[in-house]
Amino acid sequence: MIGHDAAVAEAFASDFRNIAGFSGLPTKWRTLFEDVLTSAVDPHIPGAILPAPMGKGCRIYAVAADQTEWRRLRPLLSAFAGPTLTNFTGIVQAPSSTDPMDAFASSLPAEVIAVAEALDTGVDAMRALRRMLAMIRQAPEGSLKPPRPTSWLLSDFEDALNVGDRTRAERLVGRLRDECRLDALNLRFLSVQLLASLESWAELRESNYFIDLCLARKPGAIASHLAEALFQTDLAAAFYTEDIDNCRREYSKIRSLGTPLIAVPPPAALGPGGWRLYAMAALSSENPDPGLLRSLAEGPDLGWISSHLKAPGIEAEVLVAPEPDADFAEIRKALERLTDLPEEQRIRLLEIEPFRSLFAGGAEVQPASIPLGWRDWLKRIPDPDYTIAFEIARKGALEWPIEVAADPVEATALAEDLADALADKVSRARLAQALPLIVNWLQRDALFPRASMRPVYETVLTLFALGEARDQGIMASSGVVGEAILAIGNSVSDYQRLIHSLETLITEGTGTGSVHMLLELIEATIRHPCPDSSAREGFWLTALAVLEPLRHRLEPVQLASLATLGGLLGWSDPPFADAATAAPSQFGTKLANLRIGIYTLTESAARQAASVLARVAPSVIVQTSSEHVGSAQLKAMAENSDLLIITSLSATHAATDFIRAHRPASKPICWAAGRGFTSIVRAVEEFIGGDHS
């Protein structure tokens, strides 16, 4: 923290001792303080710990030169000197008084200075900090590797959402929270995004932050998710009665929550339930906003309620500055209007809030700087100064229309632009981060997978196979794209090209961590039509060749999954079948005699998962359900299973809400990513392996 110059380090230590009052301390007490103070001149320690005596206790100044150092130091402080010993909770409490020690700490060249106090536990706190410093110094070289950038963690989060991997997504939100990467409000936004991606509207509505978020300022996409949840849980039943009075009555009960969610023009991410909430709001108002009525008239078909909403006549459009979180299209439209005004009027308007905040560049801002699609975005990412590329992509993935790109000519052009981005180092890195966002955008297509988008799907799959996303472990979304190409139908040449891409995907650096992705790809090739059986057989053999070197590192449940897949492939001698049942494993021991419930609409996947689990632990009891709504059987499974697995992407909301309502709070629910049996088995493996029992 202070540097390696001995004279500078000694001068700093001397100054600190004098100000802190080390000289009056008992010898043993002073030794503790001196030992902790050495952190300030030790290059192995992230930041510095500066202890000052305070009566019978102590005051601790945790100092970090920047946020990177603080992310490394903060969890260590929480672990060794958290609330048990001090008042440190992980939240920065900066020096604020006129105390000489506070003034000294504030003068240091540091970005983060956190103050903690130990009143009656000073000795214990100092000993704990000394143990922490000793642990860091004894750690092997390189064990304190640089923290992963927040943007890559967010990209990983989007990757998990694309395959319905709730467990992984929640783990990432927890990491972002624990490492103080995002503030509390943005962490709530991620939780909303997660539940919305699973369409868990009842769970979102019941969350303890729902009401607060309805009233707080938020991006249009988050407002859209909240509106959808509010409609589906509180208004849908009234809407489907087609009774105007009933609709007005029910909307009046939630008016205080619904009103803050309505924006004119509506956000691009607004779903069908959100549009209906807008319609019920207009129907319940004595003087509905003309802009809202106009938006409803120009929006999607709302069914019976449309005939009760009278669109206003055409009026002169008034120039109104959009909110900073408005859709890109609205921002660009406002900017185009501004540039058309006389210079004097434009400058005067730009000086008025919120124009000034929104268009801080003044006369230099151009409409083209606001991207309206991925092709606009791709043109800008080679610019090293375009540091907000990922944030723009996250917003654009929810707003940019898919229908335009679905035109065959546009799809080909987009595929070419994506491929061209590989030629530039800066573009390649930014595109790798955005790949899960592109897959999310592709899945927003009501006709996904769409045959005309084949060039885009193929290019994105190639980018996953050859780009930097592989190095970051962000690969789950690649399976979504691979299965999309399988599903749209293929000629022999198309299929052969796809198989070649999949082989590239699985042969470049496959390890034990990516075995499940490989198994799910094999499952996908079984589920979908095959115009060239020899090419598919070649892919299966390639997969086995990749797995063979890993044979002795695979878990029994993975070996059992392979054996089951071999049976599905029609092989008389399934691969690794002997190893899968050779000896009882720790996993099998934990699984023995457990009662496991599996809920999925894909019945074959449930049966195959049960077969795999029985191979590993013959005494395991597996019950499955594919009900679309609640039933006595589903209730019994929810209440009695020791572990319940729900397949995120193959479930109905009615059934999952029913399960949650009847599942005892003390019993776990696990969420399987994907649709196949390997994802179900993986969810069981991760839970049992995590020792949650």
# chains A, B, ... in the order shown; residues from 1 in each chain; ligands from 1
>>> residues_around(residues="Glu203 (chain A)", least_positions_apart="3", cutoff="9 Å", atoms="only C-alpha atoms", output="PyMOL selection string")
chain A and resi 195+200+206-207+229+657+660
>>> residues_around(residues="Trp374 (chain A)", least_positions_apart="4", cutoff="8 Å", atoms="only C-alpha atoms", output="PDB file with C-alpha atoms, in the first residue's frame")
ATOM      1  CA  LEU A 378     -21.259  -3.886 -34.001  1.00  0.00           C
ATOM      2  CA  GLY A 396     -30.638  -3.462 -26.510  1.00  0.00           C
ATOM      3  CA  TRP A 400     -34.157  -4.153 -30.403  1.00  0.00           C
ATOM      4  CA  LEU A 414     -26.074  -9.480 -39.453  1.00  0.00           C
TER       5      LEU A 414
END
>>> residues_around(residues="Leu461 (chain A)", least_positions_apart="3", cutoff="7 Å", atoms="only C-alpha atoms", output="list in words")
Tyr457, Glu458, Phe464, Ala465, Ser478, Val481 and Gly482 of chain A
>>> closest_residue(among="A:Arg205, A:Met132, A:Asn18, A:Arg551", to="Arg74 (chain A)", atoms="only C-alpha atoms")
A:Met132
>>> atom_distance(atom1="CA of Pro51 (chain A)", atom2="CA of Pro109 (chain A)")
17.5 Å
>>> residues_around(residues="region 546-549 of chain A", least_positions_apart="4", cutoff="8 Å", atoms="only C-alpha atoms", output="PDB file with C-alpha atoms, in the first residue's frame")
ATOM      1  CA  ILE A 506     -16.663 -30.161 -27.828  1.00  0.00           C
ATOM      2  CA  THR A 507     -13.062 -30.941 -28.808  1.00  0.00           C
ATOM      3  CA  THR A 510     -13.551 -30.006 -22.887  1.00  0.00           C
ATOM      4  CA  VAL A 515     -19.170 -32.840 -19.439  1.00  0.00           C
ATOM      5  CA  THR A 542     -16.024 -37.949 -31.294  1.00  0.00           C
TER       6      THR A 542
END
>>> residues_around(residues="region 145-160 of chain A", least_positions_apart="6", cutoff="7 Å", atoms="only C-alpha atoms", output="NGL selection string")
:A and (168-169 or 172 or 181 or 433-434 or 436-437 or 474 or 476-477)
>>> write_last_selection(atoms="all heavy atoms", output="mmCIF file, in the first residue's frame")
data_model
loop_
_atom_site.group_PDB
_atom_site.id
_atom_site.type_symbol
_atom_site.label_atom_id
_atom_site.label_comp_id
_atom_site.auth_asym_id
_atom_site.auth_seq_id
_atom_site.Cartn_x
_atom_site.Cartn_y
_atom_site.Cartn_z
ATOM 1 N N ARG A 168 -27.462 -21.636 -10.812
ATOM 2 C CA ARG A 168 -26.252 -20.904 -11.176
ATOM 3 C C ARG A 168 -26.499 -19.403 -11.181
ATOM 4 O O ARG A 168 -25.659 -18.619 -10.730
ATOM 5 C CB ARG A 168 -25.769 -21.369 -12.557
ATOM 6 C CG ARG A 168 -24.512 -20.685 -13.053
ATOM 7 C CD ARG A 168 -23.981 -21.417 -14.268
ATOM 8 N NE ARG A 168 -23.448 -20.498 -15.247
ATOM 9 C CZ ARG A 168 -23.727 -20.516 -16.545
ATOM 10 N NH1 ARG A 168 -24.584 -21.400 -17.017
ATOM 11 N NH2 ARG A 168 -23.176 -19.658 -17.372
ATOM 12 N N ALA A 169 -27.658 -18.977 -11.672
ATOM 13 C CA ALA A 169 -27.977 -17.551 -11.704
ATOM 14 C C ALA A 169 -28.047 -16.979 -10.286
ATOM 15 O O ALA A 169 -27.522 -15.893 -10.017
ATOM 16 C CB ALA A 169 -29.302 -17.322 -12.432
ATOM 17 N N LEU A 172 -24.622 -16.534 -8.858
ATOM 18 C CA LEU A 172 -23.934 -15.355 -9.391
ATOM 19 C C LEU A 172 -24.455 -14.073 -8.755
ATOM 20 O O LEU A 172 -23.680 -13.159 -8.454
ATOM 21 C CB LEU A 172 -24.100 -15.307 -10.913
ATOM 22 C CG LEU A 172 -23.257 -16.332 -11.675
ATOM 23 C CD1 LEU A 172 -23.787 -16.525 -13.094
ATOM 24 C CD2 LEU A 172 -21.801 -15.887 -11.716
ATOM 25 N N ARG A 181 -20.315 -5.767 -5.843
ATOM 26 C CA ARG A 181 -20.145 -5.340 -7.235
ATOM 27 C C ARG A 181 -21.260 -4.397 -7.665
ATOM 28 O O ARG A 181 -21.057 -3.536 -8.505
ATOM 29 C CB ARG A 181 -20.137 -6.555 -8.163
ATOM 30 C CG ARG A 181 -19.061 -7.599 -7.878
ATOM 31 C CD ARG A 181 -17.659 -7.065 -8.111
ATOM 32 N NE ARG A 181 -16.687 -8.133 -8.070
ATOM 33 C CZ ARG A 181 -16.205 -8.757 -9.143
ATOM 34 N NH1 ARG A 181 -16.605 -8.404 -10.348
ATOM 35 N NH2 ARG A 181 -15.320 -9.729 -9.017
ATOM 36 N N GLN A 433 -18.365 -11.161 -24.645
ATOM 37 C CA GLN A 433 -19.182 -10.850 -23.477
ATOM 38 C C GLN A 433 -20.663 -10.777 -23.827
ATOM 39 O O GLN A 433 -21.528 -11.126 -23.017
ATOM 40 C CB GLN A 433 -18.753 -9.515 -22.872
ATOM 41 C CG GLN A 433 -17.473 -9.568 -22.067
ATOM 42 C CD GLN A 433 -17.224 -8.268 -21.332
ATOM 43 O OE1 GLN A 433 -17.681 -7.212 -21.758
ATOM 44 N NE2 GLN A 433 -16.498 -8.336 -20.239
ATOM 45 N N ALA A 434 -20.956 -10.309 -25.024
ATOM 46 C CA ALA A 434 -22.351 -10.074 -25.415
ATOM 47 C C ALA A 434 -23.036 -11.297 -26.008
ATOM 48 O O ALA A 434 -24.247 -11.263 -26.247
ATOM 49 C CB ALA A 434 -22.416 -8.919 -26.417
ATOM 50 N N PRO A 436 -24.120 -14.230 -24.817
ATOM 51 C CA PRO A 436 -25.350 -14.670 -24.132
ATOM 52 C C PRO A 436 -26.509 -13.697 -24.329
ATOM 53 O O PRO A 436 -27.670 -14.113 -24.381
ATOM 54 C CB PRO A 436 -24.931 -14.743 -22.656
ATOM 55 C CG PRO A 436 -23.455 -14.954 -22.694
ATOM 56 C CD PRO A 436 -22.982 -14.153 -23.871
ATOM 57 N N LEU A 437 -26.195 -12.398 -24.449
ATOM 58 C CA LEU A 437 -27.246 -11.412 -24.691
ATOM 59 C C LEU A 437 -27.843 -11.590 -26.084
ATOM 60 O O LEU A 437 -29.052 -11.438 -26.273
ATOM 61 C CB LEU A 437 -26.679 -10.003 -24.545
ATOM 62 C CG LEU A 437 -26.171 -9.640 -23.151
ATOM 63 C CD1 LEU A 437 -25.374 -8.345 -23.197
ATOM 64 C CD2 LEU A 437 -27.322 -9.509 -22.175
ATOM 65 N N ILE A 474 -18.251 -19.459 -20.422
ATOM 66 C CA ILE A 474 -19.629 -19.047 -20.722
ATOM 67 C C ILE A 474 -20.072 -19.787 -21.984
ATOM 68 O O ILE A 474 -19.935 -19.289 -23.100
ATOM 69 C CB ILE A 474 -19.704 -17.519 -20.901
ATOM 70 C CG1 ILE A 474 -19.295 -16.845 -19.597
ATOM 71 C CG2 ILE A 474 -21.109 -17.084 -21.290
ATOM 72 C CD1 ILE A 474 -19.276 -15.350 -19.656
ATOM 73 N N ALA A 476 -23.009 -22.297 -21.885
ATOM 74 C CA ALA A 476 -24.326 -22.938 -21.839
ATOM 75 C C ALA A 476 -25.209 -22.494 -22.994
ATOM 76 O O ALA A 476 -25.951 -23.290 -23.572
ATOM 77 C CB ALA A 476 -25.007 -22.648 -20.504
ATOM 78 N N SER A 477 -25.129 -21.209 -23.357
ATOM 79 C CA SER A 477 -25.975 -20.684 -24.429
ATOM 80 C C SER A 477 -25.644 -21.292 -25.778
ATOM 81 O O SER A 477 -26.468 -21.263 -26.691
ATOM 82 C CB SER A 477 -25.838 -19.162 -24.501
ATOM 83 O OG SER A 477 -26.278 -18.556 -23.312
#
>>> residues_around(residues="region 623-629 of chain A", least_positions_apart="3", cutoff="8 Å", atoms="only C-alpha atoms", output="PyMOL selection string")
chain A and resi 595-603+606-607+633-634+637+651-652+654-655+658
>>> write_last_selection(atoms="C-alpha atoms", output="PDB file, in the first residue's frame")
ATOM      1  CA  ARG A 595     -37.255 -39.994  -1.966  1.00  0.00           C
ATOM      2  CA  ILE A 596     -36.774 -37.750  -5.011  1.00  0.00           C
ATOM      3  CA  GLY A 597     -39.579 -36.023  -6.911  1.00  0.00           C
ATOM      4  CA  ILE A 598     -39.123 -34.867 -10.504  1.00  0.00           C
ATOM      5  CA  TYR A 599     -41.528 -32.446 -12.165  1.00  0.00           C
ATOM      6  CA  THR A 600     -41.162 -31.911 -15.911  1.00  0.00           C
ATOM      7  CA  LEU A 601     -43.467 -31.848 -18.918  1.00  0.00           C
ATOM      8  CA  THR A 602     -40.929 -34.008 -20.784  1.00  0.00           C
ATOM      9  CA  GLU A 603     -41.953 -37.420 -19.498  1.00  0.00           C
ATOM     10  CA  ALA A 606     -38.023 -37.925 -16.166  1.00  0.00           C
ATOM     11  CA  ARG A 607     -37.986 -41.685 -16.866  1.00  0.00           C
ATOM     12  CA  GLN A 633     -50.545 -36.779  -6.869  1.00  0.00           C
ATOM     13  CA  LEU A 634     -48.533 -33.586  -7.348  1.00  0.00           C
ATOM     14  CA  MET A 637     -44.997 -35.483  -4.242  1.00  0.00           C
ATOM     15  CA  ALA A 651     -42.933 -26.703 -16.651  1.00  0.00           C
ATOM     16  CA  THR A 652     -46.228 -24.856 -16.354  1.00  0.00           C
ATOM     17  CA  ALA A 654     -49.805 -23.328 -12.529  1.00  0.00           C
ATOM     18  CA  ALA A 655     -48.010 -26.519 -11.524  1.00  0.00           C
ATOM     19  CA  PHE A 658     -48.937 -25.318  -6.818  1.00  0.00           C
TER      20      PHE A 658
END
>>> atom_distance(atom1="CA of Leu302 (chain A)", atom2="CA of Val264 (chain A)")
17.3 Å
>>> atom_distance(atom1="CA of Ala397 (chain A)", atom2="CA of Ile438 (chain A)")
6.6 Å
>>> residues_around(residues="region 213-219 of chain A", least_positions_apart="6", cutoff="12 Å", atoms="only C-alpha atoms", output="ChimeraX atom specification")
/A:184-193,204-205,207,225-230,254-263,266-270,323-328,394-395,398-399
